[in-house]
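*Asks:* One structure is given below, represented as structure tokens, and several questions about it will come after.
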Amino acid sequence: MPPRRAASTKTAPKRDRSSSLSDYSEPESKPEPKKRAPPKAKAKATATTTAKPKAAKAAKFPPPGLDAASHPARSGLPAFQFTETKENGAIGPRDPSLPLFVGAHVSMAGGPATALLRASKAGANGLALFVKSQRKWASKDYEPEVIEQWKELAKSKDDGGMGYNPESILVHGGYLINLSNNDETKWNQSYECFRDDIHRCHQLGIKLYNWHPGSTLGNISKEEGYKLVAKGINKVHKDVPEVITVIENMANAGSNILGTAFADLKGMIDLVEDKSRVRVCLDTCHTFAAGYDLRTPEAYAATMKEFDEVVGNKYLGGIHLNDSKTDLGSNKDLHENIGLGQIGLDGFRQLMRDPLMVGIPIVLETPSGPAGAVENGDLEIWAKEIKLLYEIQAISDDEWETKKVDIEARWRKERDAISPPKETTKKAAPAKKAAPAKKAAAPKKASKKKVVESESEMSDGDSE
Ligand SMILES: [Zn+2]
Ligand SMILES: [Zn+2]
């Protein structure tokens, strides 16, 4: 497949959207087609044909509360809403058949297929997931039924699956991978973890894989780092077919980490042999923290113009949608819920109205719910955040200025009700709920050696 287009709608109909489109445009009141067999039954059917210990495992699928058939209709809307917003600068009318794939990075606890169920429960039109433990070098291979579960649910709705468009699913790679490490042994270890991630994507039939380009650790120049990353990309393109490698931009400008400047992304892409299999994922928090403003329509337009000029819109393969707790150019990677950080609702409304965002995964990696409430807190917040994003993009320019203050206040209240701000949580329930947050943050300060060794991992914090 050639690199992605800019806002061209000419290439779009070639992509297979037919199955998923009908899913996205179904009104919520329309009853779900009943022909889809419950995944549980399918998993059991598969399991009975295999060995007994595996059957026991498969019987747990799907986990409680994640039965696809009982999920509410997805709240995502097709892009035809936007045609009302007319031409204003970079934002214009778009092909009414194109959907936005707004979703979230959901847990795969219980197997990759559970991520599809969680995304659906959150009303997501797209999703991200890890395909193995993101903090381990190696994980055991998939059992055949794990792949089967994914493939059953990943089918189109007409075929009894959940109808997620292949272009809407973006796997996130492991945090340990550092392909810009010039130590040969460590590079090889990183490459194997990287290749294994991508091999798993291929096993599941997933098209898009994003990961962090890593850190030179100060041992080599950035340009040498680009070569090492490109070496890994070129090698994996030969070792594993089809999967598209998507480089994520990073927050820590001025450090040894690659990908903080658009020029870094171009530097790596330039050295990739098969450019049809390389794209870029822009994380809005990382972009902003690295010094590219997104707060106003003008700032958003200027940043995206620079991206097009330096990297090229055709390479945009995904978005990580996060507000930032810290200010423009802070070089810190601290994700905040949409509109409640330093970027603010204006920037996200602008992004949601940008035709460039059509047909690519737009993935929330925003803070989760209270500790221990992953299944409910996260999904509830993301469900509300997804609705909010569709809500703000649909408001006309004339109405926006008068409405945005109320919308932000309402959303902050909703968010705080599900997930009180950390300070409040600590005071309210110091014994249980604050503990996991402390634990997660501790290694950054506690062990400086570890931070240096795994800079690429730490750079992105706990928030992808
Ligand atoms: Zn990431
Ligand atoms: Zn990200």
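Going by the structure tokens order, chains are called A, B, ..., each with residues numbered from 1, while ligands are numbered from 1 in the order shown.
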Taking only C-alpha atoms and all ligand atoms into account, which residues are within 12 Å of ligand 1, as an MDAnalysis selection string?
*Replies:* chainID A and resid 105 128:130 134 170:177 209:214 246:251 259 280:287 318:322 333:335 363:366 456:464
*Asks:* I need the residues in region 215-256 of chain A that are strand (DSSP E) according to DSSP; give them as a list of chain:residue names.
*Replies:* A:Ile244, A:Thr245, A:Val246, A:Ile247, A:Glu248
*Asks:* Neighbours of region 269-272 of chain A within 10 Å (only C-alpha atoms; same-chain residues fewer than 5 positions away dropped), as a list of chain:residue names?
*Replies:* A:Tyr226, A:Lys227, A:Leu228, A:Val229, A:Ala230, A:Lys231, A:Gly232, A:Ile233, A:Asn234, A:Lys235, A:His237, A:Ile247, A:Ala263, A:Asp264, A:Arg277, A:Val278, A:Arg279, A:Val280, A:Val311, A:Tyr315
*Asks:* Report the distance between CA of Asn331 (chain A) and CA of Ala253 (chain A) in Å, rounded to one decimal place.
*Replies:*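 These two atoms are separated by 5.5 Å.
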*Asks:* Per DSSP on the backbone, filter region 294-331 of chain A down to the residues in alpha helix (DSSP H) and report them as a list in words.
*Replies:*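 Across region 294-331 of chain A, those assigned alpha helix (DSSP H) are Pro297, Glu298, Ala299, Tyr300, Ala301, Ala302, Thr303, Met304, Lys305, Glu306, Phe307, Asp308, Glu309 and Val310 of chain A.
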*Asks:* Pick out the residues sitting within 10 Å of Tyr300 (chain A), and hand them over as a PDB file with C-alpha atoms, in the first residue's frame; count only C-alpha atoms, and ignore anything fewer than 5 positions along from it in its own chain.
*Replies:*
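File selection_0.pdb, as written:
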ATOM      1  CA  TYR A 292       4.715  22.561  19.036  1.00  0.00           C
ATOM      2  CA  ASP A 293       1.683  24.625  20.007  1.00  0.00           C
ATOM      3  CA  LEU A 294      -1.826  23.218  19.521  1.00  0.00           C
ATOM      4  CA  ARG A 295      -3.885  25.520  21.744  1.00  0.00           C
ATOM      5  CA  LYS A 305       1.634  22.866   8.345  1.00  0.00           C
ATOM      6  CA  GLU A 306       5.112  22.370   9.742  1.00  0.00           C
ATOM      7  CA  ASP A 346      -9.975  24.472  21.403  1.00  0.00           C
ATOM      8  CA  GLY A 347      -6.998  22.470  20.205  1.00  0.00           C
ATOM      9  CA  PHE A 348      -8.872  19.167  20.282  1.00  0.00           C
ATOM     10  CA  GLN A 350      -9.573  21.811  15.807  1.00  0.00           C
ATOM     11  CA  LEU A 351      -8.006  18.368  15.457  1.00  0.00           C
ATOM     12  CA  ASP A 354      -9.246  18.367  10.451  1.00  0.00           C
TER      13      ASP A 354
END
*Asks:* Determine, counting only C-alpha atoms, which protein, DNA and RNA residues have an atom within 12 Å of an atom of Asp239 (chain A); residues of the same chain fewer than 3 positions away are not included. Present the result as a PDB file with N, CA and C atoms, in the first residue's frame.
*Replies:*
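So the final result, stored in part_35.pdb, reads:
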ATOM      1  N   TYR A 191      15.685  -5.520  19.037  1.00  0.00           N
ATOM      2  CA  TYR A 191      15.132  -5.906  17.743  1.00  0.00           C
ATOM      3  C   TYR A 191      14.244  -7.142  17.888  1.00  0.00           C
ATOM      4  N   GLU A 192      14.689  -8.108  18.693  1.00  0.00           N
ATOM      5  CA  GLU A 192      13.919  -9.340  18.848  1.00  0.00           C
ATOM      6  C   GLU A 192      12.554  -9.051  19.498  1.00  0.00           C
ATOM      7  N   PHE A 194      10.963  -6.178  19.330  1.00  0.00           N
ATOM      8  CA  PHE A 194      10.268  -5.418  18.290  1.00  0.00           C
ATOM      9  C   PHE A 194       9.689  -6.370  17.231  1.00  0.00           C
ATOM     10  N   ARG A 195      10.542  -7.273  16.747  1.00  0.00           N
ATOM     11  CA  ARG A 195      10.105  -8.228  15.729  1.00  0.00           C
ATOM     12  C   ARG A 195       8.985  -9.118  16.262  1.00  0.00           C
ATOM     13  N   ASP A 196       9.126  -9.533  17.505  1.00  0.00           N
ATOM     14  CA  ASP A 196       8.105 -10.397  18.106  1.00  0.00           C
ATOM     15  C   ASP A 196       6.763  -9.658  18.233  1.00  0.00           C
ATOM     16  N   ILE A 198       5.719  -7.320  16.284  1.00  0.00           N
ATOM     17  CA  ILE A 198       5.169  -7.152  14.929  1.00  0.00           C
ATOM     18  C   ILE A 198       4.703  -8.492  14.361  1.00  0.00           C
ATOM     19  N   HIS A 199       5.428  -9.539  14.728  1.00  0.00           N
ATOM     20  CA  HIS A 199       4.989 -10.883  14.337  1.00  0.00           C
ATOM     21  C   HIS A 199       3.617 -11.195  14.941  1.00  0.00           C
ATOM     22  N   HIS A 202       1.008  -9.525  13.008  1.00  0.00           N
ATOM     23  CA  HIS A 202       0.759 -10.273  11.779  1.00  0.00           C
ATOM     24  C   HIS A 202      -0.095 -11.514  12.044  1.00  0.00           C
ATOM     25  N   GLY A 232      16.553  -1.314  11.937  1.00  0.00           N
ATOM     26  CA  GLY A 232      15.547  -2.186  12.549  1.00  0.00           C
ATOM     27  C   GLY A 232      14.271  -2.236  11.714  1.00  0.00           C
ATOM     28  N   ILE A 233      13.859  -1.079  11.216  1.00  0.00           N
ATOM     29  CA  ILE A 233      12.623  -1.037  10.416  1.00  0.00           C
ATOM     30  C   ILE A 233      12.822  -1.830   9.122  1.00  0.00           C
ATOM     31  N   ASN A 234      13.940  -1.591   8.446  1.00  0.00           N
ATOM     32  CA  ASN A 234      14.186  -2.293   7.175  1.00  0.00           C
ATOM     33  C   ASN A 234      14.275  -3.804   7.392  1.00  0.00           C
ATOM     34  N   LYS A 235      14.901  -4.185   8.494  1.00  0.00           N
ATOM     35  CA  LYS A 235      15.045  -5.623   8.780  1.00  0.00           C
ATOM     36  C   LYS A 235      13.682  -6.252   9.077  1.00  0.00           C
ATOM     37  N   VAL A 236      12.884  -5.574   9.870  1.00  0.00           N
ATOM     38  CA  VAL A 236      11.584  -6.165  10.234  1.00  0.00           C
ATOM     39  C   VAL A 236      10.655  -6.220   9.023  1.00  0.00           C
ATOM     40  N   GLU A 242       3.748  -7.377   5.625  1.00  0.00           N
ATOM     41  CA  GLU A 242       2.512  -6.566   5.684  1.00  0.00           C
ATOM     42  C   GLU A 242       2.399  -5.484   6.758  1.00  0.00           C
ATOM     43  N   VAL A 243       2.739  -5.786   7.993  1.00  0.00           N
ATOM     44  CA  VAL A 243       2.465  -4.828   9.076  1.00  0.00           C
ATOM     45  C   VAL A 243       3.214  -3.508   8.818  1.00  0.00           C
TER      46      VAL A 243
END
*Asks:* So how many Å separate CA of Leu265 (chain A) and CA of Val310 (chain A), to one decimal?
*Replies:* 8.7 Å
*Asks:* Restricting the calculation to only C-alpha atoms: of A:Ala122, A:Gly344, A:Ser330, A:Leu117, which residue gets closest to Gly163 (chain A)?
*Replies:* A:Leu117
*Asks:* Rank A:Gln149, A:Asn178, A:Ser133, A:Ser324 by their smallest atom-to-atom distance to ligand 2, using only C-alpha atoms and all ligand atoms, and report the top residue only.
*Replies:* A:Ser324
*Asks:* May I ask which of the residues A:Ala154, A:Ile362, A:Ala261, A:Ile338 is the closest one to ligand 2, counting only C-alpha atoms and all ligand atoms?
*Replies:* A:Ile362
*Asks:* Could you check the closest approach to Pro355 (chain A) for each of A:Phe61, A:Ile220, A:Leu316, A:Gln342 and tell me which residue wins, using only C-alpha atoms?
*Replies:*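 Using only C-alpha atoms, the shortest distance to Pro355 (chain A) belongs to A:Leu316.
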*Asks:* For CA of Gly317 (chain A) and CA of Glu408 (chain A), determine how far apart the two atoms are, in Å to one decimal place.
*Replies:*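 It comes out at 28.9 Å.
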